[in-house]
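Structure record follows, encoded as structure tokens.
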Amino acid sequence: MDDWELLEAWREGDAPSGEVLVGRYLGLLTRFFRNKVNDPEDAADLISETMLACTRGKDGVRDSGAFRSFLFAAAMNMLRRYYRKKAKRERELDDFEDICVGDSGNPRSLNSLVSLEQESRLLVRALRRIPLDQQIVLELSYFEGMNGTDIAELLEVPQPTVYTRLRRGKEKLRVVMVELAESPAVAESTMMGLQTWAARVRDEITR
């Protein structure tokens, strides 16, 4: 069964289909939320709420779009609501894509990754200090191994936008790493081995 068929079966009360569907995307959602919220329990709640949101509303939706784009849009909406609820400032986060995730605090789930090498910890800290739209494309590229075409489809944005965000994100990431690193050598080794360190973080988050 494809994703849409599993969702339809789940909506009709077939729990095993729901378990299969959740299993397919649990890793993606876990990595997405645990990088961006303060509390791992909040992240778990957001994962559940995202999956349940897919079973409500938009009944019968099944167009040419990919299910994971539908799911990711739901996840983004949940994250937006979470930030709005947690925001200390009064105004709405209409500039959602431009905020730095570091504004939401230091998530215990990532601070507890003491087993990670110095470079991996630096990567986590630096990612959280760049604008969210750039962080997301970098994570999808390095954590999920997605190419520009796949990311554009998932985020429903033009491919040039994806490549622009990737380029700007890497530039910003390098600047932040230099600011945060204990030495320029650590910052440089982290950037040089970005894919390796991202894989370490990915494995630790989903362990």
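Ligands are numbered from 1 in the order shown, chains are lettered A, B, ... in the order of the structure tokens, and residues start at 1 in each chain.
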7 Å contact set for region 2-13 of chain A, only C-alpha atoms, chain neighbours under 3 positions out, as a ChimeraX atom specification: /A:17-18,21,55,62,67
C-alpha atoms of the current selection, written as a compact mmCIF listing (two decimals), in the first residue's frame:
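again-v6.txt written:
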# COMPACT_ATOMS: atom_id res chain seq x y z
CA SER A 17 -2.21 0.84 8.62
CA GLY A 18 -1.63 3.83 10.86
CA LEU A 21 2.46 4.92 8.05
CA THR A 55 -6.24 12.01 9.67
CA ARG A 62 -5.33 12.61 -2.74
CA PHE A 67 2.21 12.41 0.76
Surrounding residues of Glu139 (chain A) excluding itself and chain neighbours under 6 positions, 10 Å, only C-alpha atoms, as a VMD selection string: chain A and resid 31 to 32 35 127 145 to 146 166 198 202
Would you output that residue set with N, CA and C atoms, as a PDB file, in the first residue's frame?
ATOM      1  N   ARG A  31      13.684  13.804  13.756  1.00  0.00           N
ATOM      2  CA  ARG A  31      14.824  14.685  13.516  1.00  0.00           C
ATOM      3  C   ARG A  31      14.378  16.130  13.324  1.00  0.00           C
ATOM      4  N   PHE A  32      13.251  16.302  12.663  1.00  0.00           N
ATOM      5  CA  PHE A  32      12.763  17.656  12.414  1.00  0.00           C
ATOM      6  C   PHE A  32      12.421  18.368  13.714  1.00  0.00           C
ATOM      7  N   ASN A  35      15.232  18.912  16.731  1.00  0.00           N
ATOM      8  CA  ASN A  35      16.206  19.979  16.499  1.00  0.00           C
ATOM      9  C   ASN A  35      15.640  21.360  16.813  1.00  0.00           C
ATOM     10  N   LEU A 127      23.725  25.174  13.768  1.00  0.00           N
ATOM     11  CA  LEU A 127      22.481  25.038  13.015  1.00  0.00           C
ATOM     12  C   LEU A 127      21.353  25.800  13.688  1.00  0.00           C
ATOM     13  N   GLY A 145      19.654  13.296   3.286  1.00  0.00           N
ATOM     14  CA  GLY A 145      20.258  12.895   2.027  1.00  0.00           C
ATOM     15  C   GLY A 145      19.429  13.246   0.808  1.00  0.00           C
ATOM     16  N   MET A 146      18.616  14.282   0.900  1.00  0.00           N
ATOM     17  CA  MET A 146      17.741  14.665  -0.203  1.00  0.00           C
ATOM     18  C   MET A 146      18.457  15.629  -1.136  1.00  0.00           C
ATOM     19  N   LEU A 166      20.352  26.870   0.436  1.00  0.00           N
ATOM     20  CA  LEU A 166      21.490  26.013   0.759  1.00  0.00           C
ATOM     21  C   LEU A 166      22.787  26.817   0.764  1.00  0.00           C
ATOM     22  N   ALA A 198      27.117  15.493  10.213  1.00  0.00           N
ATOM     23  CA  ALA A 198      25.658  15.480  10.135  1.00  0.00           C
ATOM     24  C   ALA A 198      25.133  14.061  10.312  1.00  0.00           C
ATOM     25  N   ARG A 202      22.507  12.839  13.078  1.00  0.00           N
ATOM     26  CA  ARG A 202      21.296  12.139  12.650  1.00  0.00           C
ATOM     27  C   ARG A 202      21.135  10.827  13.415  1.00  0.00           C
TER      28      ARG A 202
END
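Here CA of Leu46 (chain A) stands at a distance of 16.1 Å from CA of Arg68 (chain A).
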List as CSV every residue of region 131-178 of chain A that is in contact with region 191-197 of chain A, defined as an atom at most 10 Å from one of its atoms (using only C-alpha atoms), together with the nearest atom pair and the distance in Å rounded to one decimal, sorted by chain and then rising number.
residue,atom,partner,partner_atom,distance
A:Ser141,CA,A:Gln195,CA,9.1
A:Tyr142,CA,A:Gln195,CA,5.8
A:Phe143,CA,A:Gln195,CA,8.1
A:Gly145,CA,A:Gln195,CA,9.2
A:Lys170,CA,A:Met191,CA,8.7
A:Leu173,CA,A:Met191,CA,8.5
A:Arg174,CA,A:Met191,CA,6.9
A:Met177,CA,A:Met191,CA,8.4
Selection: 12 Å around Tyr163 (chain A), only C-alpha atoms, excl. self and same-chain fewer than 6 positions, as a PyMOL selection string: chain A and resi 133-134+137-138+141+147-152+157+169-170
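Distance check against Arg167 (chain A) using only C-alpha atoms: of A:Ser48, A:Thr190, A:Gln135, A:Asn38, the minimum falls on A:Gln135.
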